[in-house]
Every structure is written in structure tokens, then in C-alpha cells.
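**Student:** Pasting in a structure now, in C-alpha cells, and then I'll have a few things to ask.
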Amino acid sequence: MPRFYLPTALAPNTTFRLPDNIVRHIHVLRLNAGDAITLFNGTGNDFAATLQEIGKRHAQCHITAQRQPENESPLKITLVQAISSGERMDFTLQKSVELGVHAIQPIISERCVVRLSGERADKRVQRWQDIAVAACEQSGRSIVPPVQPIVSLSDYLRQMPRHEPHLMMSLRHATPLRHIAPAPQQLRLMIGPEGGWTPAEEQAALEAGVQTITLGKRVLRTETAAMAAMAAMQVLWGDF
């Protein structure tokens, strides 16, 4: 059933005129009046609805029921991702949402190819948030993971929440993921850019209380590392 994100208050037995972006999607999917759709607003509930009217530039639906799907992972992973270039970052965010990420914190590290600040940074964060919404629509999630404003690695390490374990992917003096104990209920997964972390960055992270982890002896691309680590964590401590 088609699912659409509508960031407003929703309730059963109410009628809504749908915004332009959803109307365009309805036309692409060739939906008709009487077809069933699902709406969600990011609060954790799904709302069953029926399309009542569809015009060239407008559509209206009636909400018939509300339910709370139980598809959120008990493991709350915040992905602390060094910004990668082009489609790699988009891919990483999309797949992390599908894998159940709780939140996403983009950071700039020394070897990041992409450098963003000011209005360009704000626009890119909004683009990533839109990707997260689309991934929720596709994967059936009803809670949209927030994409936080971009910060530098040094700033992040200064203000990072000390009560959450931080696990940094590394090839230097790292602990195999399966040896992490006790099993965490929430954590921060730190993934470097295409060129990896510098030795100085890893040392600064270690001094801040970050633990380095590895998934094996092979060198993974940044987008592969994020996906493989999250999938492994869901197997070990989550709902896989």
C-alpha cells in the first residue's frame, strides 16, 4: 500500500486536502478515487486513509483508522558519519534508515572531500532529511530519524554525550565488534570518510573515550562500512 509522509496532526474520521508533493506522487502511481493509502507524520503511528477526490492539481483523502506499527529496533543507533562525496552520502543515509538508524549526525573530518558551511550546509542537511523521509515511506517506518546539523569532528568530540558508548570503525588497534560487552541498548557508530580517519583524529577520539572497532581485516568503503556495521549490530543486539 502506498505510504506518504504528512507532517501535521492526523486523526481518524478526518478529511485532508493533500499537499502538492503527495498529489504528484499519486499521479505517478496512477492512483484513483477509492484507493487506499497510508499516511504517517513521524510520531510512530500509521493512519489508514481512502482517496476521495483526485484532480490534476489536488487530491483529498479521508482517514479511517490509526495503528501503531511495531517495527522500530530496540537498539538505538546514532550514525556519526563523516561526509562522503556525491551519491555515497545519499546512499549511506538511505540504507541506514532502512536498517533502523535512530538518528544521523553528519560530521566534517580532515579527509572529507566535501566541505559545507552556511546556507549550502543547511540545504544539504534538508536534502538528507528528505532522503530519510523517503526511506521511511519505502521501508514502512513511522518514526523519521532526524538528520542533525553538520559539525566538525573536533567540535563533536568536545560536546559528545558521555553516557552513550561511541564505537569508531578503524583498522588500528581495534576490537572485533562481537567482543563488545555488555550489549548496548543505544550507541553512537562513527564512520570515517573515503580516506579514513587520520591517526591524529583517532587519537583524539580515544582520548575522548571512544572505542575503536573492526569488522575484519579487509578495508571497506565508507558506505559499505556503515551498512555492514549497522547490520551486524542489529544481529548482535537489535532485532535481526
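Following the order of the C-alpha cells, chains are lettered A, B, ..., residues in each are numbered from 1, and ligands are numbered from 1.
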Check range 90-189 of chain A with DSSP on the backbone and list each residue it calls helix (DSSP H, G or I), as a compact mmCIF listing (two decimals) with N, CA and C atoms, in the first residue's frame.
**Tutor:**
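Final output, saved to out-v7.txt:
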```
# COMPACT_ATOMS: atom_id res chain seq x y z
N ASP A 90 24.31 10.07 0.11
CA ASP A 90 22.87 9.82 -0.04
C ASP A 90 22.56 8.35 0.18
N PHE A 91 23.35 7.48 -0.40
CA PHE A 91 23.16 6.04 -0.27
C PHE A 91 23.29 5.60 1.19
N THR A 92 24.31 6.13 1.86
CA THR A 92 24.54 5.77 3.25
C THR A 92 23.35 6.15 4.13
N LEU A 93 22.84 7.36 3.95
CA LEU A 93 21.70 7.80 4.76
C LEU A 93 20.46 6.97 4.45
N GLN A 94 20.21 6.73 3.17
CA GLN A 94 19.02 5.96 2.79
C GLN A 94 19.04 4.57 3.41
N LYS A 95 20.16 3.87 3.27
CA LYS A 95 20.24 2.49 3.75
C LYS A 95 20.28 2.43 5.27
N SER A 96 20.86 3.44 5.91
CA SER A 96 20.89 3.43 7.37
C SER A 96 19.47 3.54 7.93
N VAL A 97 18.62 4.33 7.27
CA VAL A 97 17.23 4.43 7.71
C VAL A 97 16.53 3.09 7.54
N GLU A 98 16.76 2.43 6.41
CA GLU A 98 16.16 1.12 6.18
C GLU A 98 16.61 0.11 7.23
N GLY A 118 27.44 27.19 6.16
CA GLY A 118 26.43 28.21 5.91
C GLY A 118 25.20 27.68 5.23
N GLU A 119 24.71 28.43 4.23
CA GLU A 119 23.47 28.07 3.55
C GLU A 119 23.60 26.76 2.79
N ARG A 120 24.77 26.50 2.21
CA ARG A 120 24.97 25.25 1.48
C ARG A 120 24.83 24.04 2.42
N ALA A 121 25.35 24.18 3.62
CA ALA A 121 25.24 23.10 4.60
C ALA A 121 23.78 22.89 5.00
N ASP A 122 23.06 23.97 5.22
CA ASP A 122 21.65 23.86 5.62
C ASP A 122 20.84 23.17 4.52
N LYS A 123 21.09 23.53 3.26
CA LYS A 123 20.36 22.92 2.15
C LYS A 123 20.68 21.44 2.02
N ARG A 124 21.95 21.08 2.26
CA ARG A 124 22.32 19.68 2.14
C ARG A 124 21.69 18.85 3.26
N VAL A 125 21.65 19.40 4.47
CA VAL A 125 21.00 18.69 5.58
C VAL A 125 19.53 18.48 5.27
N GLN A 126 18.87 19.49 4.70
CA GLN A 126 17.45 19.34 4.34
C GLN A 126 17.28 18.28 3.28
N ARG A 127 18.21 18.22 2.32
CA ARG A 127 18.15 17.17 1.29
C ARG A 127 18.27 15.79 1.94
N TRP A 128 19.21 15.65 2.87
CA TRP A 128 19.38 14.37 3.56
C TRP A 128 18.15 14.02 4.38
N GLN A 129 17.51 15.03 4.99
CA GLN A 129 16.29 14.75 5.75
C GLN A 129 15.19 14.26 4.82
N ASP A 130 15.11 14.84 3.62
CA ASP A 130 14.12 14.38 2.64
C ASP A 130 14.39 12.93 2.22
N ILE A 131 15.67 12.57 2.10
CA ILE A 131 16.03 11.19 1.78
C ILE A 131 15.59 10.26 2.90
N ALA A 132 15.76 10.69 4.16
CA ALA A 132 15.33 9.89 5.30
C ALA A 132 13.82 9.68 5.28
N VAL A 133 13.08 10.73 4.94
CA VAL A 133 11.61 10.61 4.85
C VAL A 133 11.23 9.60 3.78
N ALA A 134 11.85 9.71 2.60
CA ALA A 134 11.54 8.78 1.50
C ALA A 134 11.87 7.34 1.88
N ALA A 135 12.98 7.16 2.62
CA ALA A 135 13.35 5.81 3.06
C ALA A 135 12.34 5.26 4.05
N CYS A 136 11.77 6.12 4.90
CA CYS A 136 10.72 5.68 5.83
C CYS A 136 9.46 5.28 5.06
N GLU A 137 9.11 6.07 4.04
CA GLU A 137 7.95 5.73 3.23
C GLU A 137 8.11 4.35 2.60
N GLN A 138 9.32 4.08 2.10
CA GLN A 138 9.58 2.82 1.41
C GLN A 138 9.65 1.64 2.36
N SER A 139 10.29 1.84 3.52
CA SER A 139 10.59 0.72 4.41
C SER A 139 9.49 0.44 5.44
N LEU A 153 34.51 17.25 13.41
CA LEU A 153 34.82 16.14 14.32
C LEU A 153 35.31 16.67 15.66
N SER A 154 36.16 17.68 15.63
CA SER A 154 36.71 18.22 16.89
C SER A 154 35.59 18.80 17.77
N ASP A 155 34.64 19.51 17.15
CA ASP A 155 33.52 20.05 17.92
C ASP A 155 32.66 18.92 18.47
N TYR A 156 32.45 17.89 17.66
CA TYR A 156 31.63 16.77 18.11
C TYR A 156 32.26 16.10 19.32
N LEU A 157 33.57 15.87 19.27
CA LEU A 157 34.24 15.18 20.38
C LEU A 157 34.17 16.01 21.66
N ARG A 158 34.16 17.33 21.53
CA ARG A 158 34.08 18.19 22.72
C ARG A 158 32.70 18.12 23.37
N GLN A 159 31.65 17.93 22.55
CA GLN A 159 30.29 18.01 23.10
C GLN A 159 29.56 16.67 23.08
N LEU A 177 33.88 -6.43 16.69
CA LEU A 177 32.57 -5.99 17.16
C LEU A 177 31.92 -7.01 18.09
N ARG A 178 32.10 -8.29 17.81
CA ARG A 178 31.44 -9.33 18.62
C ARG A 178 32.00 -9.41 20.03
N HIS A 179 33.12 -8.75 20.28
CA HIS A 179 33.72 -8.78 21.62
C HIS A 179 33.26 -7.60 22.49
```
**Student:** Excluding Met1 in chain A and its own-chain neighbours fewer than 6 positions away, which residues fall within 9 Å of it when counting only C-alpha atoms? Please give them as a count of residues only.
**Tutor:** 3
**Student:** For a test of reading the model, state the distance in Å between CA of Asp46 in chain A and CA of Ile104 in chain A, rounded to one decimal.
**Tutor:**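 Taking CA of Asp46 in chain A as the start and CA of Ile104 in chain A as the end point, the length is 22.7 Å.
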**Student:** Using only C-alpha atoms, which protein or nucleic acid residues come within 12 Å of range 64-74 of chain A? Drop anything in the same chain fewer than 6 positions from it, and give the result as a ChimeraX atom specification.
**Tutor:** /A:10-16,36-52,97-102,136,139-145,183-187,230-231,233-240
**Student:** Skip Gln105 in chain A itself and residues of its chain fewer than 6 positions away, then list as a list of chain:residue names all residues within 9 Å of it, counting only C-alpha atoms.
**Tutor:**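 Here the answer would be A:Thr78, A:Leu79, A:Val80, A:Gln81, A:Ala82, A:Pro146, A:Val147, A:Gln148, A:Pro149, A:Ile150, A:Val151.
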**Student:** Just the residues within 10 Å of Glu53 in chain A, please, counting only C-alpha atoms, with nothing from its chain fewer than 6 positions along; format it as a list of chain:residue names.
**Tutor:**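 The residues satisfying every condition are A:Arg17, A:Asn32, A:Ala33, A:Gly34, A:Ala59, A:Gln60, A:Cys61, A:His62.
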**Student:** One number please: CA of Thr198 in chain A to CA of Leu171 in chain A, in Å, one decimal.
**Tutor:**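 For CA of Thr198 in chain A relative to CA of Leu171 in chain A, the distance reads 11.2 Å.
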**Student:** Excluding same-chain residues fewer than 6 positions from Thr212 in chain A, what lies within 9 Å of it counting only C-alpha atoms, as a list of chain:residue names?
**Tutor:**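 What passes the distance filter is A:His166, A:Leu167, A:Met168, A:Met169, A:Ser170, A:Leu171, A:Arg172, A:His173, A:Ala174, A:Thr175, A:Pro176, A:Glu202, A:Ala205, A:Leu206.
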**Student:** Write out the residues from the selection above, keeping all heavy atoms, as a short mmCIF file (atom, residue, chain, number, x, y, z; two decimals), in the first residue's frame.
**Tutor:**
```
data_model
loop_
_atom_site.label_atom_id
_atom_site.label_comp_id
_atom_site.auth_asym_id
_atom_site.auth_seq_id
_atom_site.Cartn_x
_atom_site.Cartn_y
_atom_site.Cartn_z
N HIS A 166 30.53 5.08 22.32
CA HIS A 166 30.91 5.51 20.99
C HIS A 166 31.84 4.45 20.39
O HIS A 166 32.88 4.15 20.98
CB HIS A 166 31.62 6.86 21.02
CG HIS A 166 30.70 8.03 21.15
ND1 HIS A 166 29.92 8.25 22.26
CD2 HIS A 166 30.42 9.04 20.28
CE1 HIS A 166 29.21 9.35 22.09
NE2 HIS A 166 29.49 9.84 20.88
N LEU A 167 31.45 3.90 19.25
CA LEU A 167 32.24 2.88 18.58
C LEU A 167 32.69 3.41 17.23
O LEU A 167 31.87 3.72 16.37
CB LEU A 167 31.41 1.60 18.39
CG LEU A 167 30.80 1.00 19.67
CD1 LEU A 167 30.00 -0.25 19.33
CD2 LEU A 167 31.88 0.69 20.69
N MET A 168 34.01 3.53 17.05
CA MET A 168 34.59 4.10 15.83
C MET A 168 35.19 2.99 14.97
O MET A 168 36.04 2.23 15.43
CB MET A 168 35.67 5.13 16.19
CG MET A 168 36.47 5.64 14.99
SD MET A 168 37.80 6.79 15.46
CE MET A 168 36.88 8.33 15.51
N MET A 169 34.75 2.90 13.72
CA MET A 169 35.33 1.92 12.80
C MET A 169 36.78 2.30 12.50
O MET A 169 37.07 3.44 12.14
CB MET A 169 34.52 1.88 11.52
CG MET A 169 33.18 1.19 11.67
SD MET A 169 33.33 -0.61 11.74
CE MET A 169 33.82 -0.97 10.07
N SER A 170 37.68 1.33 12.65
CA SER A 170 39.11 1.60 12.50
C SER A 170 39.84 0.31 12.16
O SER A 170 39.35 -0.80 12.42
CB SER A 170 39.66 2.19 13.80
OG SER A 170 41.07 2.27 13.74
N LEU A 171 41.02 0.46 11.58
CA LEU A 171 41.90 -0.69 11.32
C LEU A 171 43.06 -0.72 12.29
O LEU A 171 43.90 -1.62 12.24
CB LEU A 171 42.44 -0.63 9.88
CG LEU A 171 41.39 -0.81 8.77
CD1 LEU A 171 42.03 -0.56 7.40
CD2 LEU A 171 40.76 -2.18 8.83
N ARG A 172 43.12 0.26 13.21
CA ARG A 172 44.25 0.38 14.12
C ARG A 172 43.84 -0.02 15.54
O ARG A 172 42.98 0.60 16.14
CB ARG A 172 44.79 1.81 14.14
CG ARG A 172 45.21 2.35 12.78
CD ARG A 172 45.79 3.75 12.92
NE ARG A 172 46.14 4.34 11.64
CZ ARG A 172 45.33 5.12 10.94
NH1 ARG A 172 44.15 5.42 11.41
NH2 ARG A 172 45.72 5.61 9.78
N HIS A 173 44.45 -1.07 16.06
CA HIS A 173 44.26 -1.47 17.47
C HIS A 173 42.79 -1.57 17.83
O HIS A 173 42.36 -1.13 18.90
CB HIS A 173 44.96 -0.48 18.40
CG HIS A 173 46.38 -0.18 18.00
ND1 HIS A 173 47.37 -1.14 18.03
CD2 HIS A 173 46.97 0.94 17.53
CE1 HIS A 173 48.51 -0.61 17.62
NE2 HIS A 173 48.29 0.65 17.29
N ALA A 174 41.98 -2.14 16.91
CA ALA A 174 40.54 -2.16 17.11
C ALA A 174 40.06 -3.49 17.66
O ALA A 174 40.68 -4.54 17.45
CB ALA A 174 39.82 -1.86 15.78
N THR A 175 38.95 -3.45 18.37
CA THR A 175 38.33 -4.63 18.96
C THR A 175 37.29 -5.19 18.00
O THR A 175 36.49 -4.43 17.45
CB THR A 175 37.64 -4.26 20.28
OG1 THR A 175 38.62 -3.73 21.18
CG2 THR A 175 36.97 -5.48 20.91
N PRO A 176 37.26 -6.51 17.75
CA PRO A 176 36.18 -7.07 16.94
C PRO A 176 34.82 -6.74 17.55
O PRO A 176 34.65 -6.78 18.77
CB PRO A 176 36.46 -8.58 16.98
CG PRO A 176 37.93 -8.68 17.25
CD PRO A 176 38.25 -7.53 18.15
N GLU A 202 41.99 9.73 15.28
CA GLU A 202 41.73 8.54 16.09
C GLU A 202 42.27 8.71 17.51
O GLU A 202 41.62 8.29 18.48
CB GLU A 202 42.33 7.31 15.42
CG GLU A 202 41.58 6.87 14.18
CD GLU A 202 41.87 5.44 13.81
OE1 GLU A 202 42.30 4.66 14.68
OE2 GLU A 202 41.67 5.08 12.64
N ALA A 205 39.93 10.89 19.41
CA ALA A 205 38.71 10.15 19.75
C ALA A 205 38.96 9.22 20.93
O ALA A 205 38.13 9.13 21.85
CB ALA A 205 38.23 9.37 18.54
N LEU A 206 40.10 8.53 20.92
CA LEU A 206 40.42 7.63 22.03
C LEU A 206 40.53 8.39 23.34
O LEU A 206 40.04 7.94 24.39
CB LEU A 206 41.73 6.89 21.74
CG LEU A 206 41.67 5.84 20.62
CD1 LEU A 206 43.07 5.34 20.29
CD2 LEU A 206 40.77 4.67 21.01
#
```
**Student:** Please measure the separation of CA of Pro19 in chain A and CA of Arg3 in chain A, giving the value in Å to one decimal.
**Tutor:**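 Rounded to one decimal, the two atoms are 14.0 Å apart.
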**Student:** I need the residues in range 16-191 of chain A that are strand (DSSP E) according to DSSP; give them as an MDAnalysis selection string.
**Tutor:** chainID A and resid 16:17 36:40 46:54 59:67 76:82 103:108 151:152 166:169 175:176 186:191
**Student:** Which of these residues is nearest to Met89 in chain A, using only C-alpha atoms: A:Thr8, A:Thr222, A:Gln211, A:Ser152?
**Tutor:** A:Thr222
